[in-house]
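Chemist: My structure is below; once you've seen it, I'll send some questions.
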Amino acid sequence: PLPPIPAVLEALNARTDIMRYPDPLSTALRTELASFLDVPADDIVTGAGSLGALVQILQTFAGQDEDGTMDEVLYPWRSFEAYPIMVGLAGARSVQVPNKADGTHDLEAMAAAVTERTRVILLCTPNNPTGPALTTAQVEGFLAAVPRNVIVVIDVAYTEFVRDPDVVDGIRMYRKYPNVVVLRTFSKAHGLAGLRVGYSVSRPAVTEHLRVPATPFAVSSIADHAAIASLRNYPVVQERVQSLVDERERVAAGLKA
């Protein structure tokens with residue numbers, strides 16, 4: 001609910017070169033992210049929010065054969081409302097696995113639902129809109145049960161708001177498992193939802209294909225500049241996030257009482 005931090009608003013007010021087309025590769029932002037995440041810049045592909053980055057993944061790895069046979073994209077349900085829409089637009093078939101009664105992913109059922117047509121699996125942690133987050137042990141157990149040729153997307157749009165020490169670290173999973181793609185966004189914690197800037201992080205064997213369908217100029221120069229300013233002032237972003245976490249805990253405790 002909060003606007004971008006003051007340093008971002010100041011940076012935006014100082015930007016006057018919006019008559020220029022943006023860098024289609026978002027080189028400056030990817031370089032900043034590479035330093036921030038301690039990953040190679042070439043492993044980062046930007047998109048119009050994490051949703052735009054997801055569209056690039058689905059367009060690359062899921063669709064249908066010439067005879068109309070659909071690839072399958074497997075994900076928990078309910079989860080992010082755009083998943084079924086984007087899968088359908090990619091020409092693939094949604095395989096929705098119901099969450100458990102407490103809103104958590106049923107990872108055992110998801111692993112059992114994998115077929116030879118499964119191309120992409122989506123894990124949303126913390127799950128939007130039900131809330132629970134996946135632990136490292138849960139995700140590693142799931143990855144061990146999934147064929148290595150299946151892309152597993154770990155969508156961590158709200159990861160900055162999680163305080164469970166056992167929560168899965170998407171970047172750590174990407175480093176360990178070649179078939180993992182991490183989705184992140186500046187829309188939530190950074191307060192830049194209206195500027196549409198997100199990204200995926202994956203190994204070179206994946207990113208080389210993701211760049212092919214990437215929408216040219218998807219991330220505007222304004223969005224690029226704002227995201228860089230926010231990263232460079234991340235402690236202030238963290239303070240804002242903590243204020244929201246504190247309020248969440250206060251409200252939850254009051255409701256329980």
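Quick note on naming: the chains in the structure tokens go A, B, ... in the order shown, residues restart at 1 in each chain, and ligands are numbered from 1 in order of appearance.
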May I have the residues within 10 Å of Pro3 in chain A as a PyMOL selection string, using only C-alpha atoms and disregarding those fewer than 6 positions away in the same chain?

Modeler: chain A and resi 9+189-193+240

Chemist: Restricting the output to C-alpha atoms, write the selected residues as a PDB file, in the first residue's frame.

Modeler:
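So selection.pdb came out as:
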ATOM      1  CA  LEU A   9      10.657   9.409  -6.123  1.00  0.00           C
ATOM      2  CA  ALA A 189       8.182  -4.673  -1.427  1.00  0.00           C
ATOM      3  CA  HIS A 190       9.588  -1.878  -3.603  1.00  0.00           C
ATOM      4  CA  GLY A 191       6.188  -0.328  -4.344  1.00  0.00           C
ATOM      5  CA  LEU A 192       6.720  -0.129  -8.112  1.00  0.00           C
ATOM      6  CA  ALA A 193       3.694  -2.112  -9.318  1.00  0.00           C
ATOM      7  CA  ARG A 240       9.087  -0.184   5.096  1.00  0.00           C
TER       8      ARG A 240
END

Chemist: Determine, counting only C-alpha atoms, which protein, DNA and RNA residues have an atom within 12 Å of an atom of Val236 in chain A; residues of the same chain fewer than 4 positions away are not included. Present the result as an NGL selection string.

Modeler: :A and (4-8 or 189-190 or 229-232 or 240-243)

Chemist: CA of Ser35 in chain A and CA of Gly47 in chain A are how many Å apart?

Modeler: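 Pair CA of Ser35 in chain A / CA of Gly47 in chain A returns 18.6 Å.
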
Chemist: Using only C-alpha atoms, determine which residues lie at most 8 Å from Pro126 in chain A, disregarding the query and same-chain residues fewer than 4 positions distant; provide the list as a list in words.

Modeler: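 What passes the distance filter is Gly131, Pro132, Ala133, Leu134, Val156, Ala157, Tyr158, Thr159 and Val162 of chain A.
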
Chemist: Write a file of the just-selected residues containing C-alpha atoms, as a short mmCIF file (atom, residue, chain, number, x, y, z; two decimals), in the first residue's frame.

Modeler:
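Saved as again_15.cif:
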data_model
loop_
_atom_site.label_atom_id
_atom_site.label_comp_id
_atom_site.auth_asym_id
_atom_site.auth_seq_id
_atom_site.Cartn_x
_atom_site.Cartn_y
_atom_site.Cartn_z
CA GLY A 131 -0.38 -17.21 2.33
CA PRO A 132 1.75 -20.21 3.37
CA ALA A 133 5.36 -20.38 2.22
CA LEU A 134 7.40 -23.42 1.25
CA VAL A 156 8.72 -15.50 -4.79
CA ALA A 157 6.92 -12.21 -5.41
CA TYR A 158 6.25 -11.70 -1.68
CA THR A 159 9.43 -13.25 -0.30
CA VAL A 162 8.32 -13.77 5.06
#

Chemist: Run DSSP on the backbone and tell me which residues of range 11-237 of chain A come out as alpha helix (DSSP H); list them as a ChimeraX atom specification.

Modeler: /A:11-13,27-37,49-61,82-89,107-112,136-145,170-176,204-210,221-232,234-237

Chemist: Neighbouring residues of Gln56 in chain A were defined as those with any atom within 7 Å, considering only C-alpha atoms; residues of the same chain fewer than 2 positions away were excluded. Please report them as a list of chain:residue names.

Modeler: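 Contacts, with the query itself left out: A:Gly52, A:Ala53, A:Leu54, A:Leu58, A:Gln59, A:Thr60, A:Leu210, A:Pro213, A:Ala214.
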
Chemist: Quick one: everything within 9 Å of range 114-124 of chain A, counting only C-alpha atoms, minus sequence neighbours fewer than 2 positions away in the same chain. Send it as a PyMOL selection string.

Modeler: chain A and resi 57-58+61-63+70-76+79-80+83+95+105+110-112+126-128+133-134+139+146-147+149-157

Chemist: Report as a list of chain:residue names: the residues of range 88-137 of chain A with a DSSP assignment of strand (DSSP E), based on the backbone of this structure.

Modeler: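 Answer for range 88-137 of chain A restricted to strand (DSSP E) is A:Arg93, A:Ser94, A:Val95, A:Gln96, A:Val97, A:Pro98, A:Thr118, A:Arg119, A:Val120, A:Ile121, A:Leu122, A:Leu123, A:Cys124.
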
Chemist: Excluding range 36-45 of chain A and any residue of its chain fewer than 6 positions from it, enumerate the residues within 8 Å of it, using only C-alpha atoms, and give them as a CSV table (one decimal) with all heavy atoms, in the first residue's frame.

Modeler:
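New file around.csv:
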chain,number,residue,atom,x,y,z
A,25,LEU,N,17.8,-4.7,-23.3
A,25,LEU,CA,18.4,-5.8,-22.4
A,25,LEU,C,18.4,-5.4,-20.9
A,25,LEU,O,18.9,-6.1,-20.1
A,25,LEU,CB,19.8,-6.2,-22.9
A,25,LEU,CG,19.9,-6.8,-24.3
A,25,LEU,CD1,21.3,-7.1,-24.6
A,25,LEU,CD2,19.0,-8.1,-24.4
A,30,ARG,N,20.2,-5.1,-14.8
A,30,ARG,CA,20.7,-6.5,-14.6
A,30,ARG,C,22.1,-6.4,-13.9
A,30,ARG,O,22.4,-7.3,-13.1
A,30,ARG,CB,20.8,-7.2,-16.0
A,30,ARG,CG,19.4,-7.6,-16.5
A,30,ARG,CD,19.5,-8.5,-17.7
A,30,ARG,NE,20.3,-8.0,-18.8
A,30,ARG,CZ,21.5,-8.5,-19.2
A,30,ARG,NH1,22.0,-9.5,-18.5
A,30,ARG,NH2,22.1,-7.9,-20.2
A,53,ALA,N,7.7,-11.7,-17.0
A,53,ALA,CA,8.8,-12.7,-17.0
A,53,ALA,C,8.2,-14.1,-17.1
A,53,ALA,O,8.8,-14.9,-17.8
A,53,ALA,CB,9.7,-12.5,-15.7
A,171,ILE,N,17.0,-18.2,-4.9
A,171,ILE,CA,18.3,-18.1,-5.5
A,171,ILE,C,19.2,-19.2,-5.1
A,171,ILE,O,20.0,-19.7,-6.0
A,171,ILE,CB,19.0,-16.7,-5.1
A,171,ILE,CG1,18.1,-15.6,-5.6
A,171,ILE,CG2,20.4,-16.6,-5.6
A,171,ILE,CD1,18.0,-15.5,-7.1
A,199,TYR,N,11.7,-9.8,-13.0
A,199,TYR,CA,12.8,-10.5,-13.7
A,199,TYR,C,12.8,-12.0,-13.3
A,199,TYR,O,12.1,-12.4,-12.3
A,199,TYR,CB,14.1,-9.9,-13.4
A,199,TYR,CG,14.5,-9.9,-11.9
A,199,TYR,CD1,15.2,-10.9,-11.3
A,199,TYR,CD2,14.0,-8.8,-11.1
A,199,TYR,CE1,15.6,-10.8,-9.9
A,199,TYR,CE2,14.3,-8.8,-9.7
A,199,TYR,CZ,15.1,-9.8,-9.2
A,199,TYR,OH,15.4,-9.7,-7.8
A,200,SER,N,13.4,-12.8,-14.1
A,200,SER,CA,13.6,-14.2,-13.8
A,200,SER,C,15.2,-14.4,-13.7
A,200,SER,O,15.9,-13.7,-14.3
A,200,SER,CB,13.1,-15.1,-14.8
A,200,SER,OG,13.7,-14.9,-16.1
A,201,VAL,N,15.5,-15.4,-12.9
A,201,VAL,CA,16.9,-15.8,-12.7
A,201,VAL,C,17.0,-17.3,-13.0
A,201,VAL,O,16.3,-18.1,-12.4
A,201,VAL,CB,17.4,-15.5,-11.3
A,201,VAL,CG1,18.9,-15.8,-11.2
A,201,VAL,CG2,17.2,-14.1,-10.9
A,202,SER,N,17.9,-17.7,-13.9
A,202,SER,CA,18.0,-19.1,-14.3
A,202,SER,C,19.4,-19.3,-14.9
A,202,SER,O,20.1,-18.4,-15.2
A,202,SER,CB,16.9,-19.5,-15.3
A,202,SER,OG,16.9,-18.7,-16.4
A,203,ARG,N,19.7,-20.6,-15.0
A,203,ARG,CA,21.1,-20.9,-15.5
A,203,ARG,C,21.2,-20.6,-17.0
A,203,ARG,O,20.2,-20.5,-17.7
A,203,ARG,CB,21.3,-22.4,-15.2
A,203,ARG,CG,21.2,-22.8,-13.8
A,203,ARG,CD,22.5,-22.5,-13.0
A,203,ARG,NE,23.4,-23.6,-13.1
A,203,ARG,CZ,23.4,-24.7,-12.4
A,203,ARG,NH1,22.5,-24.8,-11.4
A,203,ARG,NH2,24.3,-25.6,-12.6
A,204,PRO,N,22.4,-20.5,-17.6
A,204,PRO,CA,22.6,-20.2,-19.0
A,204,PRO,C,21.8,-21.0,-20.0
A,204,PRO,O,21.3,-20.5,-21.0
A,204,PRO,CB,24.1,-20.3,-19.2
A,204,PRO,CG,24.7,-20.0,-17.8
A,204,PRO,CD,23.7,-20.6,-16.9
A,207,THR,N,18.4,-19.4,-19.8
A,207,THR,CA,18.3,-18.0,-20.2
A,207,THR,C,18.5,-17.8,-21.7
A,207,THR,O,18.0,-16.8,-22.3
A,207,THR,CB,19.3,-17.1,-19.4
A,207,THR,OG1,20.6,-17.6,-19.6
A,207,THR,CG2,18.9,-17.1,-18.0
A,210,LEU,N,15.2,-18.0,-23.1
A,210,LEU,CA,14.3,-17.0,-22.6
A,210,LEU,C,14.4,-15.7,-23.3
A,210,LEU,O,13.4,-15.0,-23.5
A,210,LEU,CB,14.4,-16.8,-21.1
A,210,LEU,CG,13.9,-17.9,-20.2
A,210,LEU,CD1,14.1,-17.5,-18.7
A,210,LEU,CD2,12.4,-18.2,-20.4
A,211,ARG,N,15.6,-15.4,-23.7
A,211,ARG,CA,15.8,-14.1,-24.4
A,211,ARG,C,15.2,-14.0,-25.7
A,211,ARG,O,14.9,-12.9,-26.2
A,211,ARG,CB,17.3,-13.8,-24.5
A,211,ARG,CG,18.0,-13.7,-23.2
A,211,ARG,CD,19.4,-13.1,-23.3
A,211,ARG,NE,20.2,-13.4,-22.1
A,211,ARG,CZ,20.0,-12.7,-21.0
A,211,ARG,NH1,19.1,-11.7,-20.9
A,211,ARG,NH2,20.7,-12.9,-19.9
A,231,LEU,N,17.1,-0.5,-5.3
A,231,LEU,CA,18.1,-1.4,-4.9
A,231,LEU,C,19.3,-0.8,-4.1
A,231,LEU,O,19.8,-1.3,-3.1
A,231,LEU,CB,18.7,-2.2,-6.1
A,231,LEU,CG,17.8,-3.2,-6.7
A,231,LEU,CD1,18.4,-3.7,-8.0
A,231,LEU,CD2,17.5,-4.4,-5.8

Chemist: My list of candidates is A:Val97, A:Val212, A:Met173, A:Ile222. Which is closest to Ile18 in chain A when distances are computed with only C-alpha atoms?

Modeler: A:Ile222

Chemist: May I have the residues within 8 Å of Val197 in chain A as a PyMOL selection string, using only C-alpha atoms and disregarding those fewer than 2 positions away in the same chain?

Modeler: chain A and resi 46-50+185-187+192-193+195+199+219+223-224+227

Chemist: Return the single residue from A:Val180, A:Arg196, A:Thr136, A:Asn99 that is closest to Val168 in chain A, with distances computed using only C-alpha atoms.

Modeler: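 Going through A:Val180, A:Arg196, A:Thr136, A:Asn99 one by one, the smallest distance to Val168 in chain A is for A:Thr136.
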